[in-house]
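Data block for input.cif (mmCIF, C-alpha atoms):
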```cif
data_coords
loop_
_atom_site.label_atom_id
_atom_site.label_comp_id
_atom_site.auth_asym_id
_atom_site.auth_seq_id
_atom_site.Cartn_x
_atom_site.Cartn_y
_atom_site.Cartn_z
CA MET A 20 -8.65 36.53 55.92
CA ILE A 21 -8.45 37.57 59.60
CA ALA A 22 -4.82 38.74 59.34
CA SER A 23 -5.44 40.83 56.23
CA THR A 24 -8.60 42.39 57.63
CA LEU A 25 -6.98 42.98 61.01
CA ALA A 26 -4.15 44.87 59.29
CA LEU A 27 -6.68 46.99 57.39
CA ILE A 28 -8.65 47.75 60.56
CA LEU A 29 -5.56 48.76 62.55
CA SER A 30 -4.36 50.95 59.67
CA ASP A 31 -7.83 52.50 59.43
CA LEU A 32 -7.62 53.28 63.17
CA GLY A 33 -4.48 55.31 62.48
CA TYR A 34 -1.77 52.86 63.49
CA ARG A 35 1.43 52.17 61.52
CA VAL A 36 0.94 48.62 60.32
CA GLY A 37 2.99 46.01 58.47
CA LEU A 38 1.59 42.79 57.05
CA LEU A 39 3.86 39.80 56.40
CA ASP A 40 2.47 36.72 54.69
CA LEU A 41 4.44 33.78 56.09
CA ASP A 42 2.26 31.16 54.43
CA PHE A 43 4.92 30.51 51.78
CA CYS A 44 3.24 27.43 50.34
CA GLY A 45 -0.20 29.02 50.11
CA PRO A 46 0.07 32.83 50.20
CA SER A 47 -3.31 34.53 49.93
CA THR A 48 -3.13 37.99 51.51
CA HIS A 49 -2.30 39.67 48.18
CA ALA A 50 -5.44 38.13 46.67
CA ILE A 51 -7.62 39.08 49.64
CA LEU A 52 -6.45 42.70 49.55
CA GLY A 53 -6.33 42.94 45.75
CA ILE A 54 -2.63 43.80 45.70
CA ASP A 55 -0.94 43.46 42.34
CA GLY A 56 1.80 45.24 40.38
CA VAL A 57 3.77 46.52 43.40
CA TYR A 58 7.23 45.40 44.49
CA PRO A 59 9.64 46.17 47.34
CA GLU A 60 12.21 48.90 46.80
CA GLU A 61 15.89 48.13 47.23
CA ASP A 62 17.60 50.42 49.70
CA LYS A 63 20.27 48.75 51.81
CA GLY A 64 17.85 45.83 52.11
CA ILE A 65 14.28 45.68 50.85
CA VAL A 66 11.58 48.16 51.79
CA PRO A 67 8.02 46.78 51.52
CA PRO A 68 5.62 48.84 49.42
CA GLN A 69 2.78 50.61 51.23
CA VAL A 70 -0.65 49.54 50.01
CA HIS A 71 -3.98 50.54 51.60
CA GLY A 72 -1.85 52.22 54.31
CA ILE A 73 -0.13 48.91 55.11
CA LYS A 74 3.53 48.00 54.52
CA PHE A 75 3.05 44.70 52.78
CA LEU A 76 5.45 41.82 52.17
CA THR A 77 4.71 38.50 50.52
CA ILE A 78 6.74 35.78 48.81
CA VAL A 79 4.51 36.38 45.79
CA TYR A 80 6.76 39.33 44.87
CA TYR A 81 9.41 36.74 44.05
CA ALA A 82 7.47 33.60 43.15
CA GLY A 83 4.68 35.27 41.20
CA ASP A 84 1.71 32.98 40.63
CA ASN A 85 3.96 29.92 40.61
CA PRO A 86 3.84 27.30 43.38
CA SER A 87 6.69 27.30 45.93
CA PRO A 88 7.14 23.69 47.06
CA LEU A 89 9.24 24.24 50.18
CA ARG A 90 10.23 21.71 52.82
CA GLY A 91 10.79 22.64 56.47
CA ILE A 92 14.44 23.69 56.21
CA ASP A 93 13.63 25.81 53.15
CA ILE A 94 10.78 27.53 55.00
CA SER A 95 13.12 28.30 57.91
CA ASN A 96 15.86 29.65 55.63
CA ALA A 97 13.45 31.73 53.54
CA MET A 98 12.00 33.21 56.74
CA ILE A 99 15.45 34.08 58.07
CA GLU A 100 16.39 35.65 54.73
CA LEU A 101 13.25 37.78 54.54
CA LEU A 102 13.41 38.84 58.18
CA ALA A 103 17.10 39.76 57.79
CA ILE A 104 16.81 41.86 54.65
CA THR A 105 13.47 43.64 55.20
CA ARG A 106 13.49 47.19 56.53
CA TRP A 107 10.05 47.75 58.01
CA GLY A 108 10.85 51.08 59.66
CA SER A 109 8.81 52.06 62.74
CA LEU A 110 5.58 50.15 63.13
CA ASP A 111 2.91 49.97 65.81
CA PHE A 112 1.95 46.47 64.69
CA LEU A 113 3.44 43.85 62.40
CA ILE A 114 0.65 41.42 61.57
CA ILE A 115 1.91 38.03 60.37
CA ASP A 116 -0.38 35.76 58.40
CA MET A 117 0.59 32.23 59.43
CA PRO A 118 -0.06 28.85 57.86
CA PRO A 119 -2.27 26.63 60.04
CA GLY A 120 -0.88 24.50 62.85
CA ILE A 121 2.39 24.19 64.68
CA GLY A 122 4.80 23.56 61.82
CA ASP A 123 8.06 25.22 60.88
CA ALA A 124 6.68 28.72 60.34
CA THR A 125 5.07 28.81 63.80
CA LEU A 126 8.10 27.37 65.58
CA ASP A 127 10.46 29.73 63.74
CA THR A 128 8.24 32.72 64.45
CA VAL A 129 8.53 31.94 68.16
CA ARG A 130 12.29 31.37 67.80
CA LEU A 131 13.17 34.37 65.65
CA ILE A 132 10.72 37.21 66.34
CA LYS A 133 11.13 38.86 69.71
CA GLY A 134 7.94 40.02 71.41
CA VAL A 135 5.62 38.00 69.19
CA GLU A 136 2.07 37.40 70.46
CA PHE A 137 -0.42 34.96 68.94
CA LEU A 138 -4.01 35.59 67.95
CA VAL A 139 -5.35 32.12 67.26
CA ILE A 140 -8.29 31.52 64.93
CA THR A 141 -10.61 28.54 64.99
CA THR A 142 -13.90 27.60 63.36
CA PRO A 143 -16.85 25.92 65.12
CA PRO A 144 -16.33 22.25 64.10
CA LYS A 145 -15.03 20.01 66.88
CA VAL A 146 -12.37 18.66 64.49
CA ALA A 147 -10.96 22.20 64.03
CA MET A 148 -10.88 22.73 67.79
CA GLU A 149 -9.02 19.42 68.16
CA THR A 150 -6.12 20.85 66.11
CA VAL A 151 -6.31 24.37 67.52
CA GLY A 152 -6.26 22.94 71.05
CA LYS A 153 -2.90 21.30 70.33
CA THR A 154 -1.51 24.58 68.98
CA LEU A 155 -2.69 26.43 72.08
CA ARG A 156 -1.22 23.86 74.43
CA ILE A 157 2.21 23.96 72.78
CA LEU A 158 2.22 27.77 72.72
CA LYS A 159 1.35 27.78 76.41
CA GLU A 160 4.09 25.25 77.17
CA MET A 161 6.61 27.44 75.35
CA GLY A 162 5.43 30.45 77.36
CA VAL A 163 4.37 32.39 74.25
CA PRO A 164 1.84 35.16 74.95
CA ILE A 165 -1.61 34.40 73.50
CA ILE A 166 -3.75 37.46 72.83
CA GLY A 167 -6.83 35.29 72.53
CA VAL A 168 -8.78 32.85 70.41
CA ILE A 169 -11.37 33.99 67.88
CA GLU A 170 -14.13 31.66 66.79
CA ASN A 171 -14.68 32.51 63.14
CA MET A 172 -17.47 31.58 60.70
CA LYS A 173 -19.95 30.85 63.47
CA MET A 174 -23.24 29.59 62.02
CA ALA A 175 -25.20 28.36 65.03
CA GLU A 176 -25.39 29.01 68.74
CA SER A 177 -22.96 26.74 70.57
CA SER A 178 -20.73 27.16 73.57
CA TYR A 179 -18.42 24.25 72.63
CA VAL A 180 -15.41 26.33 71.48
CA ARG A 181 -15.72 28.77 74.37
CA GLU A 182 -15.80 25.88 76.86
CA GLN A 183 -12.73 24.26 75.29
CA ILE A 184 -10.83 27.54 75.39
CA ARG A 185 -11.74 27.95 79.05
CA LYS A 186 -10.44 24.44 79.81
CA ILE A 187 -7.10 25.25 78.16
CA ASP A 188 -7.10 28.47 80.17
CA VAL A 189 -6.36 31.00 77.46
CA PRO A 190 -8.37 34.18 76.72
CA PHE A 191 -11.43 33.91 74.47
CA GLY A 192 -11.18 36.86 72.07
CA GLY A 193 -14.70 36.74 70.65
CA GLU A 194 -16.73 35.25 67.85
CA ILE A 195 -17.41 36.29 64.27
CA ALA A 196 -20.60 35.23 62.54
CA PHE A 197 -20.43 33.54 59.13
CA ASP A 198 -20.79 36.31 56.56
CA ARG A 199 -22.33 35.17 53.28
CA GLU A 200 -21.34 38.45 51.59
CA LEU A 201 -17.65 38.15 52.50
CA GLU A 202 -16.59 36.18 49.41
CA ASP A 203 -17.75 39.00 47.12
CA SER A 204 -15.37 41.43 48.85
CA VAL A 205 -12.22 39.36 48.21
CA GLY A 206 -9.80 41.49 46.21
CA ASP A 207 -11.41 44.78 47.22
CA ALA A 208 -9.98 46.21 50.45
CA VAL A 209 -12.52 49.05 50.70
CA ARG A 210 -15.46 46.67 50.35
CA LEU A 211 -13.84 44.20 52.72
CA LEU A 212 -13.73 46.81 55.49
CA GLU A 213 -17.47 47.40 55.04
CA THR A 214 -18.48 43.77 55.55
CA ASP A 215 -20.21 42.50 58.68
CA PHE A 216 -17.17 40.24 59.11
CA ALA A 217 -14.84 43.27 59.32
CA GLN A 218 -17.20 45.16 61.62
CA ASN A 219 -17.37 42.12 63.90
CA LEU A 220 -13.58 41.89 63.94
CA LYS A 221 -13.24 45.62 64.59
CA GLN A 222 -15.37 45.29 67.74
CA ILE A 223 -13.03 42.53 68.94
CA VAL A 224 -10.00 44.72 68.19
CA LEU A 225 -11.46 47.68 70.09
CA SER A 226 -12.19 45.54 73.14
CA THR A 227 -8.80 43.78 73.20
CA PRO A 228 -6.03 45.50 75.21
CA ALA A 229 -3.26 43.97 73.08
CA PHE A 230 -4.37 46.09 70.13
CA LYS A 231 -3.37 49.29 71.84
CA PRO A 232 0.28 49.88 70.87
CA GLN A 233 2.94 50.38 73.47
CA ASP A 234 4.75 53.74 73.59
CA GLY A 235 7.78 53.91 71.35
CA GLY A 236 6.33 51.81 68.51
CA MET B 12 21.57 46.45 47.27
CA HIS B 13 20.63 44.02 50.02
CA GLU B 14 24.39 43.34 50.08
CA TRP B 15 24.44 46.13 52.69
CA VAL B 16 22.21 44.33 55.13
CA LEU B 17 24.17 41.09 54.63
CA ALA B 18 27.41 42.99 55.32
CA GLU B 19 25.84 44.45 58.47
CA GLY B 20 24.99 40.92 59.58
CA VAL B 21 28.55 39.72 58.99
CA ILE B 22 30.09 42.58 60.98
CA SER B 23 27.64 42.28 63.87
CA THR B 24 28.30 38.52 64.03
CA ALA B 25 32.07 39.16 63.97
CA LEU B 26 31.65 41.58 66.85
CA GLU B 27 29.63 39.05 68.85
CA VAL B 28 32.27 36.36 68.29
CA ALA B 29 35.13 38.73 69.15
CA GLU B 30 33.42 39.74 72.40
CA ARG B 31 32.60 36.15 73.29
CA GLU B 32 36.20 35.05 72.68
CA GLY B 33 37.64 37.99 74.62
CA LEU B 34 39.46 39.55 71.64
CA SER B 35 40.50 43.18 71.93
CA GLU B 36 41.14 43.43 68.18
CA THR B 37 40.03 41.45 65.14
CA THR B 38 42.70 41.34 62.43
CA ALA B 39 41.11 39.17 59.73
CA ILE B 40 37.67 37.88 58.82
CA LYS B 41 37.22 35.17 56.19
CA ILE B 42 33.76 35.23 54.66
CA LYS B 43 32.23 32.59 52.45
CA MET B 44 29.40 33.38 50.08
CA GLY B 45 27.17 30.83 48.46
CA GLU B 46 26.62 31.18 44.72
CA LEU B 47 22.84 31.10 45.25
CA GLN B 48 23.00 34.49 46.96
CA GLN B 49 24.53 35.97 43.79
CA ILE B 50 26.22 38.69 45.79
CA ASP B 51 27.63 41.70 43.94
CA LEU B 52 31.19 41.53 45.28
CA GLU B 53 31.97 45.19 44.62
CA ILE B 54 28.95 46.44 46.58
CA PHE B 55 29.49 43.89 49.34
CA GLU B 56 33.15 44.90 49.80
CA LEU B 57 32.22 48.59 49.81
CA ALA B 58 29.51 47.93 52.41
CA LEU B 59 31.90 45.87 54.55
CA ARG B 60 34.47 48.68 54.43
CA GLU B 61 32.03 51.43 55.36
CA ILE B 62 30.27 49.46 58.10
CA ARG B 63 33.64 48.40 59.59
CA GLN B 64 34.77 52.02 59.78
CA SER B 65 31.64 53.03 61.69
CA GLN B 66 32.11 50.25 64.26
CA THR B 67 34.20 49.93 67.40
CA PRO B 68 38.01 49.58 67.07
CA MET B 69 37.47 45.86 67.68
CA VAL B 70 36.79 45.36 63.95
CA THR B 71 37.85 48.62 62.28
CA ASN B 72 41.21 47.35 61.04
CA ALA B 73 40.24 43.79 60.21
CA THR B 74 40.93 42.61 56.68
CA ALA B 75 38.12 40.81 54.91
CA GLU B 76 38.80 37.84 52.65
CA LEU B 77 35.89 36.79 50.50
CA GLU B 78 35.47 33.37 48.93
CA LYS B 79 32.62 32.18 46.76
CA GLU B 80 31.24 28.65 47.04
CA ALA B 81 29.61 27.10 43.98
CA ALA B 82 26.01 25.97 44.52
CA VAL B 83 25.09 22.32 44.05
CA LEU B 84 21.54 20.97 44.18
CA LYS B 85 20.59 17.35 44.81
CA TYR B 86 17.21 16.05 43.78
CA ARG B 87 15.49 13.96 46.41
CA VAL B 88 13.50 11.83 43.96
CA CYS B 89 16.22 10.70 41.50
CA GLU B 90 19.26 11.66 43.68
CA ARG B 91 20.89 13.42 40.75
CA GLU B 92 23.23 16.33 41.56
CA TRP B 93 23.11 19.49 39.51
CA ALA B 94 25.16 22.70 39.46
CA PHE B 95 23.05 25.81 40.02
CA GLY B 96 25.12 27.58 37.37
CA ASP B 97 23.82 25.14 34.75
CA ALA B 98 20.16 25.85 35.50
CA PRO B 99 18.36 27.45 32.55
CA LEU B 100 17.07 30.56 34.34
CA ALA B 101 15.85 33.86 32.95
CA ASP B 102 17.54 37.00 34.33
CA GLU B 103 14.46 37.99 36.34
CA GLU B 104 14.29 34.50 37.87
CA ARG B 105 17.96 34.73 38.92
CA GLU B 106 17.20 38.15 40.42
CA THR B 107 14.41 36.76 42.63
CA ILE B 108 16.69 33.93 43.81
CA HIS B 109 19.26 36.59 44.73
CA PHE B 110 16.78 37.95 47.31
CA VAL B 111 15.34 34.67 48.58
CA PRO B 112 17.43 31.65 47.50
CA GLU B 113 14.61 29.20 48.33
CA ILE B 114 12.68 30.66 45.40
CA ALA B 115 14.96 28.38 43.35
CA HIS B 116 12.34 25.71 44.11
CA THR B 117 9.83 27.79 42.18
CA TYR B 118 11.88 28.06 39.00
CA ILE B 119 14.16 25.01 38.88
CA THR B 120 13.11 21.43 38.27
CA CYS B 121 15.29 18.40 37.69
CA PRO B 122 16.07 17.95 34.00
CA GLY B 123 15.71 14.20 34.56
CA CYS B 124 12.75 13.57 36.87
CA LYS B 125 11.15 17.07 36.54
CA SER B 126 10.80 17.38 40.33
CA PRO B 127 11.28 20.69 42.19
CA ASP B 128 12.05 18.65 45.33
CA PHE B 129 15.78 19.21 45.83
CA GLN B 130 18.13 20.19 48.60
CA PHE B 131 20.99 22.65 48.54
CA VAL B 132 24.09 20.49 49.04
CA LYS B 133 26.28 23.57 49.18
CA GLY B 134 26.49 27.16 48.04
CA ARG B 135 23.67 28.70 50.05
CA GLY B 136 24.07 31.58 52.49
CA VAL B 137 26.73 34.01 53.64
CA TRP B 138 28.79 32.91 56.61
CA ILE B 139 31.97 33.63 58.53
CA ASP B 140 34.49 30.88 57.94
CA SER B 141 37.09 32.15 60.39
CA ILE B 142 38.06 35.13 62.52
CA VAL B 143 41.61 35.98 63.55
CA GLY B 144 42.38 38.40 66.38
CA ARG B 145 44.31 39.05 69.54
#
```

Rendering of file as structure tokens:
Amino acid sequence: MIASTLALILSDLGYRVGLLDLDFCGPSTHAILGIDGVYPEEDKGIVPPQVHGIKFLTIVYYAGDNPSPLRGIDISNAMIELLAITRWGSLDFLIIDMPPGIGDATLDTVRLIKGVEFLVITTPPKVAMETVGKTLRILKEMGVPIIGVIENMKMAESSYVREQIRKIDVPFGGEIAFDRELEDSVGDAVRLLETDFAQNLKQIVLSTPAFKPQDGG
Amino acid sequence: MHEWVLAEGVISTALEVAEREGLSETTAIKIKMGELQQIDLEIFELALREIRQSQTPMVTNATAELEKEAAVLKYRVCEREWAFGDAPLADEERETIHFVPEIAHTYITCPGCKSPDFQFVKGRGVWIDSIVGR
């Protein structure tokens, strides 16, 4: 949800944005943004269609609504294939929706995509932070830039996540309150941008230096 | 038409290898193509020719030999091996596998155990088998 909405916000701010759904086993960005009936063009590779101002690529173009039961090596090879054949053109930002954790997609993103930076999302439960903490530590060990950590779906006042983030010594990006209306906006990009959730995220984007593109695209 | 981008990858890899090995000229490149990729040979050869001509003299005159490798799948559950060519696929399903071979897991299940959990034993990818130069 964060990746899709972030792409919409950046596009709405006038940036050239691509969105790549790398969650091959559970792709959801097309459903969140209500994207259906569009396909990449073939032109010396594949050119992602532009929807809601975003160049959008998902495995759903090829798998449809069917499940894609992929093991690690298959995920790596499918990633390499898609990265090799896709012609994104000039972008200010390529937002990549990742599966949770530090599995193949995360490790291959670090290995294969130069200049990648991570925006890590957690939720308030201590159990979630337990897993996210491990992801943050491994990213730090690998020297991967971390834009920050966002605490999403916050329902009560608590400083637990912020304190944990401080201990790991990575930037705290901000918090987003649980939005009861959000579910009703799934599938409708215009309505999604109007939610409190999106407005909350937009404030985080505007106050985060990493979301100002470098010269040259 | 993503044959073009695959041909670009082959030539750029050949250049890297030639530079690394200190070759001043590459005379022959042998390329193997897995059946899963379902490459259109005519387009791929045309792309190779055009891309080679636009590159440095290091690869301009190299001949390209292409060889297809049949794809074989092995199911992890029942250990049965299966030729990709025998899979009962619709044209549009074959087309999607052409772009992303791993999509085979979406459309192919074992005729025996019905599992989609298989590995590609051979016949996946496009790779350089050998480079000759001086």

When the PyMOL selection byres ((chain B and resi 71-75) around 6) is applied to the file above, which residues end up in the set, as a PDB file with C-alpha atoms, in the frame of the given file?
```
ATOM      1  CA  THR B  37      40.030  41.450  65.140  1.00  0.00           C
ATOM      2  CA  THR B  38      42.700  41.340  62.430  1.00  0.00           C
ATOM      3  CA  ALA B  39      41.110  39.170  59.730  1.00  0.00           C
ATOM      4  CA  ILE B  40      37.670  37.880  58.820  1.00  0.00           C
ATOM      5  CA  LYS B  41      37.220  35.170  56.190  1.00  0.00           C
ATOM      6  CA  ARG B  63      33.640  48.400  59.590  1.00  0.00           C
ATOM      7  CA  GLN B  64      34.770  52.020  59.780  1.00  0.00           C
ATOM      8  CA  PRO B  68      38.010  49.580  67.070  1.00  0.00           C
ATOM      9  CA  VAL B  70      36.790  45.360  63.950  1.00  0.00           C
ATOM     10  CA  GLU B  76      38.800  37.840  52.650  1.00  0.00           C
TER      11      GLU B  76
END
```

Do a neighbour search on B:Trp93 at 8 Å with all atoms listed in the file, toss out local chain neighbours closer than 4 positions, and write the hits as a PyMOL selection string. chain B and resi 83-85+97

Using all atoms listed in the file, determine which residues of chain B fall within 12 Å of chain A; present them as a PyMOL selection string. chain B and resi 12-21+48+54-55+58+62+87+103-120+126-131+135-137

For the file shown, report as a list in words the outcome of the PyMOL selection byres ((chain B and resi 123) around 10) at residue level. Tyr86, Val88, Cys89, Arg91, Thr120, Cys121, Pro122, Cys124, Lys125 and Ser126 of chain B

Exactly which residues make up the result of the PyMOL selection byres ((chain A and resi 167) around 12) on this file, given as a JSON list (two decimals) with C-alpha atoms, in the frame of the given file?
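result-v1.json written:
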```json
[["chain", "number", "residue", "atom", "x", "y", "z"],
["A", 136, "GLU", "CA", 2.07, 37.40, 70.46],
["A", 137, "PHE", "CA", -0.42, 34.96, 68.94],
["A", 138, "LEU", "CA", -4.01, 35.59, 67.95],
["A", 139, "VAL", "CA", -5.35, 32.12, 67.26],
["A", 140, "ILE", "CA", -8.29, 31.52, 64.93],
["A", 141, "THR", "CA", -10.61, 28.54, 64.99],
["A", 155, "LEU", "CA", -2.69, 26.43, 72.08],
["A", 158, "LEU", "CA", 2.22, 27.77, 72.72],
["A", 159, "LYS", "CA", 1.35, 27.78, 76.41],
["A", 163, "VAL", "CA", 4.37, 32.39, 74.25],
["A", 164, "PRO", "CA", 1.84, 35.16, 74.95],
["A", 165, "ILE", "CA", -1.61, 34.40, 73.50],
["A", 166, "ILE", "CA", -3.75, 37.46, 72.83],
["A", 168, "VAL", "CA", -8.78, 32.85, 70.41],
["A", 169, "ILE", "CA", -11.37, 33.99, 67.88],
["A", 170, "GLU", "CA", -14.13, 31.66, 66.79],
["A", 181, "ARG", "CA", -15.72, 28.77, 74.37],
["A", 184, "ILE", "CA", -10.83, 27.54, 75.39],
["A", 185, "ARG", "CA", -11.74, 27.95, 79.05],
["A", 187, "ILE", "CA", -7.10, 25.25, 78.16],
["A", 188, "ASP", "CA", -7.10, 28.47, 80.17],
["A", 189, "VAL", "CA", -6.36, 31.00, 77.46],
["A", 190, "PRO", "CA", -8.37, 34.18, 76.72],
["A", 191, "PHE", "CA", -11.43, 33.91, 74.47],
["A", 192, "GLY", "CA", -11.18, 36.86, 72.07],
["A", 193, "GLY", "CA", -14.70, 36.74, 70.65],
["A", 194, "GLU", "CA", -16.73, 35.25, 67.85],
["A", 223, "ILE", "CA", -13.03, 42.53, 68.94],
["A", 224, "VAL", "CA", -10.00, 44.72, 68.19],
["A", 226, "SER", "CA", -12.19, 45.54, 73.14],
["A", 227, "THR", "CA", -8.80, 43.78, 73.20],
["A", 228, "PRO", "CA", -6.03, 45.50, 75.21],
["A", 229, "ALA", "CA", -3.26, 43.97, 73.08],
["A", 230, "PHE", "CA", -4.37, 46.09, 70.13]]
```

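Minimum atom-to-atom distances from A:Val135, A:Ala175, A:Val180, A:Met20 to A:Glu149 were compared using all atoms listed in the file, and the lowest value belongs to A:Val180.
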
Please provide as a count of residues only all residues within 9 Å of A:Gly45, with the sequence filter that same-chain residues fewer than 2 positions apart are discarded (counting all atoms listed in the file). 7

Between atom CA of B:Ala101 and atom CA of B:Glu46, what is the distance, to one decimal in Å? 16.2 Å

From the set B:Ile139, B:Ala94, B:Ile22, B:Ala81, which residue has the shortest atom-to-atom contact distance to B:Ser65, counting all atoms listed in the file? B:Ile22

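You will find atom CA of A:Asn171 at 22.6 Å from atom CA of A:Val36.
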
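The space between atom CA of A:Thr48 and atom CA of A:Leu131 spans 21.9 Å.
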
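Closest approach to A:Leu126 among A:Leu102, A:Ile73, A:Met161, A:Ile51 is made by A:Met161 (distances from only C-alpha atoms).
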
Work out where the centre of an axis-aligned box around every listed atom of stretch 100-117 of chain A lies and how long its edges are once 5 Å is added on each side; give both in Å to one decimal as JSON.
```
{"center_x": 8.4, "center_y": 42.1, "center_z": 60.2, "size_x": 27.5, "size_y": 29.8, "size_z": 21.3}
```

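With all atoms listed in the file as the atoms that count, the residue of B:Leu77, B:Ile50, B:Met69, B:Ala82 with the shortest distance to B:Leu34 is B:Met69.
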